[in-house]
Structures are given as C-alpha cells and as structure tokens.
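What's in target.csv: CSV, C-alpha atoms
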```csv
chain,number,residue,atom,x,y,z
A,1,MET,CA,0.0,0.0,0.0
A,2,THR,CA,1.1,3.5,-0.6
A,3,ALA,CA,0.9,6.3,2.0
A,4,PRO,CA,1.3,9.9,1.1
A,5,ALA,CA,4.2,11.7,2.9
A,6,LYS,CA,3.0,13.5,6.0
A,7,ASP,CA,6.2,15.3,7.0
A,8,ASP,CA,8.4,17.1,4.5
A,9,PRO,CA,10.5,19.7,6.3
A,10,SER,CA,12.5,20.4,3.2
A,11,GLY,CA,9.5,21.2,1.1
A,12,THR,CA,10.9,19.0,-1.6
A,13,LEU,CA,8.0,16.5,-1.9
A,14,ALA,CA,5.2,17.8,-4.1
A,15,ASP,CA,2.2,17.3,-1.7
A,16,ALA,CA,0.7,20.8,-2.1
A,17,GLN,CA,-0.7,20.6,-5.6
A,18,GLU,CA,-4.2,19.4,-6.5
A,19,LEU,CA,-4.4,15.8,-7.4
A,20,VAL,CA,-4.8,14.9,-11.1
A,21,ALA,CA,-7.3,12.1,-11.9
A,22,THR,CA,-6.2,9.5,-14.4
A,23,PRO,CA,-8.7,8.6,-17.2
A,24,TRP,CA,-8.8,5.0,-16.0
A,25,ALA,CA,-10.7,6.1,-12.9
A,26,VAL,CA,-14.0,6.0,-14.9
A,27,LEU,CA,-13.7,2.2,-15.3
A,28,ASP,CA,-15.8,0.1,-12.9
A,29,ASP,CA,-13.3,-2.7,-12.6
A,30,TYR,CA,-10.1,-0.8,-12.8
A,31,GLN,CA,-7.3,-2.9,-11.2
A,32,CYS,CA,-4.0,-1.4,-12.3
A,33,PHE,CA,-1.3,-2.5,-9.8
A,34,GLY,CA,0.3,0.9,-9.9
A,35,CYS,CA,-2.5,3.5,-9.7
A,36,SER,CA,-5.9,1.9,-9.1
A,37,PRO,CA,-7.4,2.9,-5.8
A,38,HIS,CA,-9.5,-0.3,-5.9
A,39,ASN,CA,-6.5,-2.8,-5.9
A,40,ALA,CA,-5.9,-3.6,-2.3
A,41,LYS,CA,-2.6,-5.3,-3.2
A,42,GLY,CA,-1.4,-2.4,-5.5
A,43,LEU,CA,0.6,0.7,-4.9
A,44,GLN,CA,-2.4,3.1,-5.3
A,45,LEU,CA,-0.3,5.9,-6.6
A,46,ARG,CA,-1.9,9.4,-6.9
A,47,PHE,CA,-0.6,12.1,-9.2
A,48,LYS,CA,-0.1,15.8,-9.1
A,49,ALA,CA,0.7,18.3,-11.9
A,50,LEU,CA,4.2,19.9,-12.0
A,51,PRO,CA,5.2,22.9,-14.1
A,52,ASP,CA,7.1,20.5,-16.4
A,53,GLY,CA,5.3,17.2,-15.9
A,54,LEU,CA,3.7,14.9,-13.3
A,55,ALA,CA,4.6,13.6,-9.8
A,56,THR,CA,3.6,11.1,-7.3
A,57,VAL,CA,4.6,10.8,-3.6
A,58,PHE,CA,4.9,7.3,-2.2
A,59,GLN,CA,6.0,5.5,0.9
A,60,LEU,CA,6.4,1.7,0.8
A,61,GLY,CA,6.5,-0.8,3.6
A,62,SER,CA,8.1,-4.1,4.5
A,63,ALA,CA,5.7,-6.0,2.1
A,64,HIS,CA,7.7,-4.3,-0.7
A,65,GLU,CA,11.1,-5.3,0.4
A,66,SER,CA,14.0,-6.9,-1.5
A,67,TYR,CA,16.8,-7.0,1.1
A,68,PRO,CA,15.7,-6.2,4.6
A,69,GLY,CA,14.8,-2.6,4.9
A,70,VAL,CA,15.2,-1.9,1.2
A,71,VAL,CA,12.4,-1.4,-1.4
A,72,HIS,CA,12.6,-3.9,-4.3
A,73,GLY,CA,14.2,-2.3,-7.2
A,74,GLY,CA,11.6,-3.6,-9.6
A,75,LEU,CA,9.0,-1.4,-7.8
A,76,ALA,CA,11.0,1.7,-8.6
A,77,GLY,CA,10.6,0.7,-12.2
A,78,VAL,CA,6.9,0.3,-11.8
A,79,ILE,CA,6.5,3.7,-10.2
A,80,CYS,CA,8.6,5.5,-12.8
A,81,ASP,CA,6.7,3.7,-15.6
A,82,GLU,CA,3.3,4.7,-14.1
A,83,THR,CA,4.3,8.3,-13.7
A,84,MET,CA,5.8,8.7,-17.2
A,85,GLY,CA,3.1,6.7,-18.8
A,86,ASN,CA,0.2,8.5,-17.2
A,87,LEU,CA,1.8,11.8,-18.1
A,88,ILE,CA,1.9,10.8,-21.7
A,89,VAL,CA,-1.7,9.6,-21.6
A,90,LEU,CA,-2.9,12.8,-20.1
A,91,ARG,CA,-0.9,14.9,-22.6
A,92,THR,CA,-1.9,13.0,-25.7
A,93,GLY,CA,-5.4,11.8,-24.8
A,94,LYS,CA,-4.4,8.3,-25.9
A,95,PRO,CA,-3.4,5.0,-24.2
A,96,ALA,CA,0.4,4.8,-24.3
A,97,PHE,CA,2.3,1.5,-24.4
A,98,THR,CA,5.9,1.2,-23.1
A,99,THR,CA,8.3,0.0,-25.8
A,100,ALA,CA,11.5,0.2,-23.8
A,101,MET,CA,12.8,1.4,-20.4
A,102,ARG,CA,16.1,1.8,-18.7
A,103,LEU,CA,16.6,2.4,-15.0
A,104,ARG,CA,19.7,3.5,-13.0
A,105,TYR,CA,19.8,2.9,-9.3
A,106,LEU,CA,21.9,5.5,-7.4
A,107,ALA,CA,21.0,4.7,-3.8
A,108,PRO,CA,18.8,2.2,-1.9
A,109,ILE,CA,15.2,3.2,-1.3
A,110,PRO,CA,14.5,2.5,2.3
A,111,VAL,CA,11.1,1.2,3.4
A,112,GLY,CA,9.0,3.5,5.5
A,113,ALA,CA,10.5,6.7,4.0
A,114,PRO,CA,8.6,9.2,1.8
A,115,HIS,CA,9.9,9.5,-1.7
A,116,GLU,CA,8.7,11.3,-4.8
A,117,CYS,CA,8.8,10.4,-8.5
A,118,ARG,CA,8.8,13.2,-11.0
A,119,ALA,CA,8.3,12.6,-14.7
A,120,ARG,CA,8.7,14.8,-17.8
A,121,ILE,CA,8.5,14.4,-21.5
A,122,VAL,CA,11.9,14.7,-23.3
A,123,ASN,CA,10.9,14.7,-26.9
A,124,THR,CA,8.6,13.3,-29.6
A,125,GLY,CA,9.7,12.0,-33.0
A,126,ASP,CA,8.4,11.4,-36.5
A,127,THR,CA,7.8,7.8,-35.7
A,128,GLY,CA,5.1,8.7,-33.2
A,129,LEU,CA,7.2,7.5,-30.2
A,130,ILE,CA,7.6,9.7,-27.2
A,131,ASN,CA,10.6,9.7,-24.9
A,132,ALA,CA,10.2,10.5,-21.2
A,133,GLU,CA,12.4,10.7,-18.1
A,134,ALA,CA,11.7,10.2,-14.4
A,135,ASP,CA,13.6,10.7,-11.2
A,136,ILE,CA,12.9,9.3,-7.8
A,137,LEU,CA,13.9,11.7,-5.0
A,138,ASP,CA,14.2,11.3,-1.3
A,139,ALA,CA,12.9,13.9,1.2
A,140,THR,CA,16.1,16.0,1.0
A,141,GLY,CA,15.8,16.3,-2.8
A,142,GLY,CA,18.5,13.7,-3.5
A,143,VAL,CA,18.0,11.6,-6.6
A,144,VAL,CA,18.0,7.8,-5.7
A,145,ALA,CA,16.9,6.4,-9.1
A,146,THR,CA,16.4,7.6,-12.6
A,147,ALA,CA,14.6,6.2,-15.6
A,148,ARG,CA,14.3,6.9,-19.3
A,149,ALA,CA,11.6,5.2,-21.4
A,150,THR,CA,10.0,5.2,-24.8
A,151,TYR,CA,6.2,5.1,-25.3
A,152,ARG,CA,3.9,4.6,-28.3
A,153,PRO,CA,0.6,6.4,-28.0
A,154,VAL,CA,-2.2,4.5,-29.7
A,155,ALA,CA,-5.7,5.7,-30.5
A,156,LEU,CA,-8.2,4.1,-28.1
A,157,GLU,CA,-10.1,2.3,-30.9
A,158,ALA,CA,-6.9,0.8,-32.2
A,159,ALA,CA,-5.8,-0.2,-28.7
A,160,ARG,CA,-8.9,-2.2,-28.0
A,161,ASP,CA,-7.3,-5.4,-29.4
A,162,ARG,CA,-4.7,-5.1,-26.7
A,163,ILE,CA,-6.8,-4.2,-23.7
A,164,THR,CA,-10.1,-5.6,-22.5
A,165,LEU,CA,-12.9,-3.0,-22.5
A,166,SER,CA,-16.7,-3.3,-22.8
A,167,ASP,CA,-18.4,-1.0,-25.2
A,168,GLY,CA,-19.7,1.0,-22.3
A,169,ASP,CA,-16.2,1.3,-20.7
A,170,ALA,CA,-14.7,2.3,-24.0
A,171,GLY,CA,-17.3,5.0,-24.5
A,172,ARG,CA,-16.7,6.5,-21.0
A,173,LEU,CA,-12.9,6.3,-21.4
A,174,ALA,CA,-13.0,8.0,-24.8
A,175,ASP,CA,-14.9,10.9,-23.3
A,176,VAL,CA,-12.4,11.3,-20.5
A,177,LEU,CA,-9.4,10.9,-22.7
A,178,THR,CA,-10.6,13.7,-25.0
A,179,ALA,CA,-10.8,16.0,-22.0
A,180,SER,CA,-7.5,14.9,-20.4
A,181,ALA,CA,-5.1,17.1,-22.3
A,182,PRO,CA,-6.9,20.4,-21.6
A,183,ALA,CA,-7.4,19.3,-18.0
A,184,LEU,CA,-3.7,18.6,-17.5
A,185,ALA,CA,-2.8,21.9,-19.2
A,186,SER,CA,-5.0,23.7,-16.7
A,187,ALA,CA,-3.5,21.9,-13.7
A,188,THR,CA,0.0,22.4,-15.0
A,189,ALA,CA,-0.6,26.1,-15.5
A,190,ALA,CA,-1.9,26.3,-12.0
A,191,ALA,CA,1.4,24.6,-10.8
A,192,GLY,CA,3.4,27.4,-12.4
A,193,ALA,CA,3.9,26.9,-16.1
A,194,PRO,CA,2.1,26.1,-19.4
A,195,GLY,CA,1.4,22.5,-20.1
A,196,PRO,CA,1.9,21.0,-23.6
A,197,ALA,CA,3.7,24.1,-24.8
A,198,SER,CA,6.6,23.3,-22.5
A,199,VAL,CA,7.3,20.0,-24.4
A,200,PRO,CA,10.6,20.4,-26.4
A,201,ALA,CA,10.5,20.5,-30.2
A,202,PRO,CA,10.6,17.1,-31.9
A,203,ASP,CA,13.8,15.3,-32.6
A,204,PRO,CA,14.7,11.7,-33.5
A,205,VAL,CA,13.6,9.1,-31.0
A,206,PRO,CA,15.2,5.6,-31.0
A,207,VAL,CA,12.9,2.7,-31.7
A,208,SER,CA,14.3,0.8,-28.8
A,209,VAL,CA,16.5,1.5,-25.7
A,210,PRO,CA,18.9,-1.2,-24.6
A,211,VAL,CA,18.0,-2.7,-21.2
A,212,PRO,CA,20.9,-4.1,-19.2
A,213,VAL,CA,20.5,-7.6,-17.9
A,214,SER,CA,19.7,-7.5,-14.2
A,215,ALA,CA,20.8,-9.9,-11.5
A,216,PRO,CA,18.2,-12.5,-10.3
A,217,LYS,CA,17.6,-10.5,-7.1
A,218,THR,CA,16.9,-6.8,-7.8
A,219,THR,CA,17.7,-4.2,-5.3
A,220,SER,CA,17.3,-0.4,-5.4
A,221,GLU,CA,21.1,0.0,-5.3
A,222,GLU,CA,23.3,0.3,-8.4
A,223,SER,CA,25.6,-2.5,-8.9
```
Could you spell out this file's structure in structure tokens?
Amino acid sequence: MTAPAKDDPSGTLADAQELVATPWAVLDDYQCFGCSPHNAKGLQLRFKALPDGLATVFQLGSAHESYPGVVHGGLAGVICDETMGNLIVLRTGKPAFTTAMRLRYLAPIPVGAPHECRARIVNTGDTGLINAEADILDATGGVVATARATYRPVALEAARDRITLSDGDAGRLADVLTASAPALASATAAAGAPGPASVPAPDPVPVSVPVPVSAPKTTSEES
C-alpha cells in the first residue's frame, strides 16, 4: 500500500498541488497494480501536476522489500513507468504502451521513508514514439533512481485489441481521454507553467532503448 508523505520539512516533496485524476478512474473494474485505488494489493499511486510534468509521492513498507529494509528495485521501475506513462496519456489523450525502459539505481530506497517520482516528456519523434524521463527523490531532494523510457501512444479504438474493454467502458474512457489534455494543461498552468507548450521540439527518437541484464535479485542500489 502507498501512503502519502505526511512530513516534509525540506518542502521537496510535491504534496501541495491538487491531485490529477487519471482517465482510468472511470472504469468500474479498474485494477491497475500501480495506480488503481481499488486494488488492495497495489501501490495506489496518486498524481499531481508539476510545471514540467507529473509527480507522485509514495512510501512503501516491508511488504515491498527486497533485502531487509530496502524497497525492491523492480517497484522503482513500476513507479517510474506509471508516472511517465500517465503523463503521456494525459498529454496526448491516448493510451500509451511502453516499448523500452532503462533504470539506473543510485542509492537504496529504504522502506517507511517518503519519496517522490517526477516525470517529464523529453521529446517526440516522426515515428510517433515519445521519450520521457523520471527521477525518484528522497525527502532531501537527493536523486536515488532515474529512468528513461520510450512510449507509443495508440488511439483508443486501435488499442482495444490489446486491452479488455466493454463497449460502455470504451465510451466512457473515450470521453475522459478527449478532455484529459486540456485538464492537465490547466492543472500544469496552476502549478506554475504552461502544459503541452513546454514540451521540447521534436527530434529523433530511438525505436528501442537497450535494457541491461539485471541480477536475479533486484535491489534499489546500483551494482
């Protein structure tokens, strides 16, 4: 389970902005491990607009350990992917599929400590792919993990052969996706900067990003 940070003396963690609802919240049986509030075994991430992207504050417990007292490194990847992916969905109004992701672990993520993941769009390319980056920060602002990923936004109707949706759910989701980009732009502007206009000009995006082979037991500490 994820608990929002309660104490942040440094003011680093983004717990002051208004929460941004993801489009998936309109689905009755929404069970995403990362961000569904209905999945009791999931992370239940909640998101907030930043001037240049999206953020989530999280605090994981012993059920999410790898080595004693250390959050499993794979969950850092889940959190980065959720934050980057939802940012792209909200910006484009389309489901976005991850095509590649690379993580770098800079320090262990201890259980029971508040952390924040911040995601931003890096560039878009002629192929339709979008590159994004994410950082996980501790309460002092130190970066403990970074991620870079490539996503392919797909129109909802074309994506229905990959995800299970009833006609009713598809209709509700289509309405929310259409409104998501203006809603995020408004929230981003309220956070201190324009939304989609802050995305850099397009430049080439690699079709794939090499992913290093990880050890059988993943930790949140760089080897």
As a VMD selection string, please: the residues near stretch 163-170 of chain A (cut-off 12 Å, only C-alpha atoms, same-chain neighbours under 4 positions excluded).
chain A and resid 23 to 31 95 to 97 154 to 159 174 to 177
Restricting the calculation to all atoms listed in the file, which member of A:Gly77, A:Gly93, A:Gly125, A:Gly69 is positioned closest to A:Pro108?
A:Gly69
Please indicate the distance in Å from atom CA of A:Ile121 to atom CA of A:Thr22, rounded to one decimal place.
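For atom CA of A:Ile121 relative to atom CA of A:Thr22, the distance reads 17.0 Å.
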Could you state the separation of atom CA of A:His72 and atom CA of A:Gly85 in Å, given to one decimal place?
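Calculated distance between atom CA of A:His72 and atom CA of A:Gly85 is 20.3 Å.
What separates atom CA of A:Arg91 from atom CA of A:Ser180 is a distance of 7.0 Å.
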Per residue of stretch 104-178 of chain A within 8 Å of stretch 58-65 of chain A, what are the shortest atom pair and its distance in Å to one decimal, counting all atoms listed in the file, with rows by chain and residue number, as JSON lines?
```
{"residue": "A:Val111", "atom": "CA", "partner": "A:Gly61", "partner_atom": "CA", "distance": 5.0}
{"residue": "A:Gly112", "atom": "CA", "partner": "A:Gly61", "partner_atom": "CA", "distance": 5.3}
{"residue": "A:Ala113", "atom": "CA", "partner": "A:Gln59", "partner_atom": "CA", "distance": 5.6}
{"residue": "A:Pro114", "atom": "CA", "partner": "A:Gln59", "partner_atom": "CA", "distance": 4.6}
{"residue": "A:His115", "atom": "CA", "partner": "A:Phe58", "partner_atom": "CA", "distance": 5.5}
{"residue": "A:Glu116", "atom": "CA", "partner": "A:Phe58", "partner_atom": "CA", "distance": 6.1}
```
Output of the above residues as an mmCIF file, in the coordinates of the input, restricted to C-alpha atoms:
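Saved to again21.cif:
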```
data_model
loop_
_atom_site.group_PDB
_atom_site.id
_atom_site.type_symbol
_atom_site.label_atom_id
_atom_site.label_comp_id
_atom_site.auth_asym_id
_atom_site.auth_seq_id
_atom_site.Cartn_x
_atom_site.Cartn_y
_atom_site.Cartn_z
ATOM 1 C CA VAL A 111 11.100 1.200 3.400
ATOM 2 C CA GLY A 112 9.000 3.500 5.500
ATOM 3 C CA ALA A 113 10.500 6.700 4.000
ATOM 4 C CA PRO A 114 8.600 9.200 1.800
ATOM 5 C CA HIS A 115 9.900 9.500 -1.700
ATOM 6 C CA GLU A 116 8.700 11.300 -4.800
#
```
Non-local contacts of A:Gly34 (8 Å; all atoms listed in the file; under 4 positions in same chain excluded) as number ranges by chain
A: 42-45, 78-79, 82
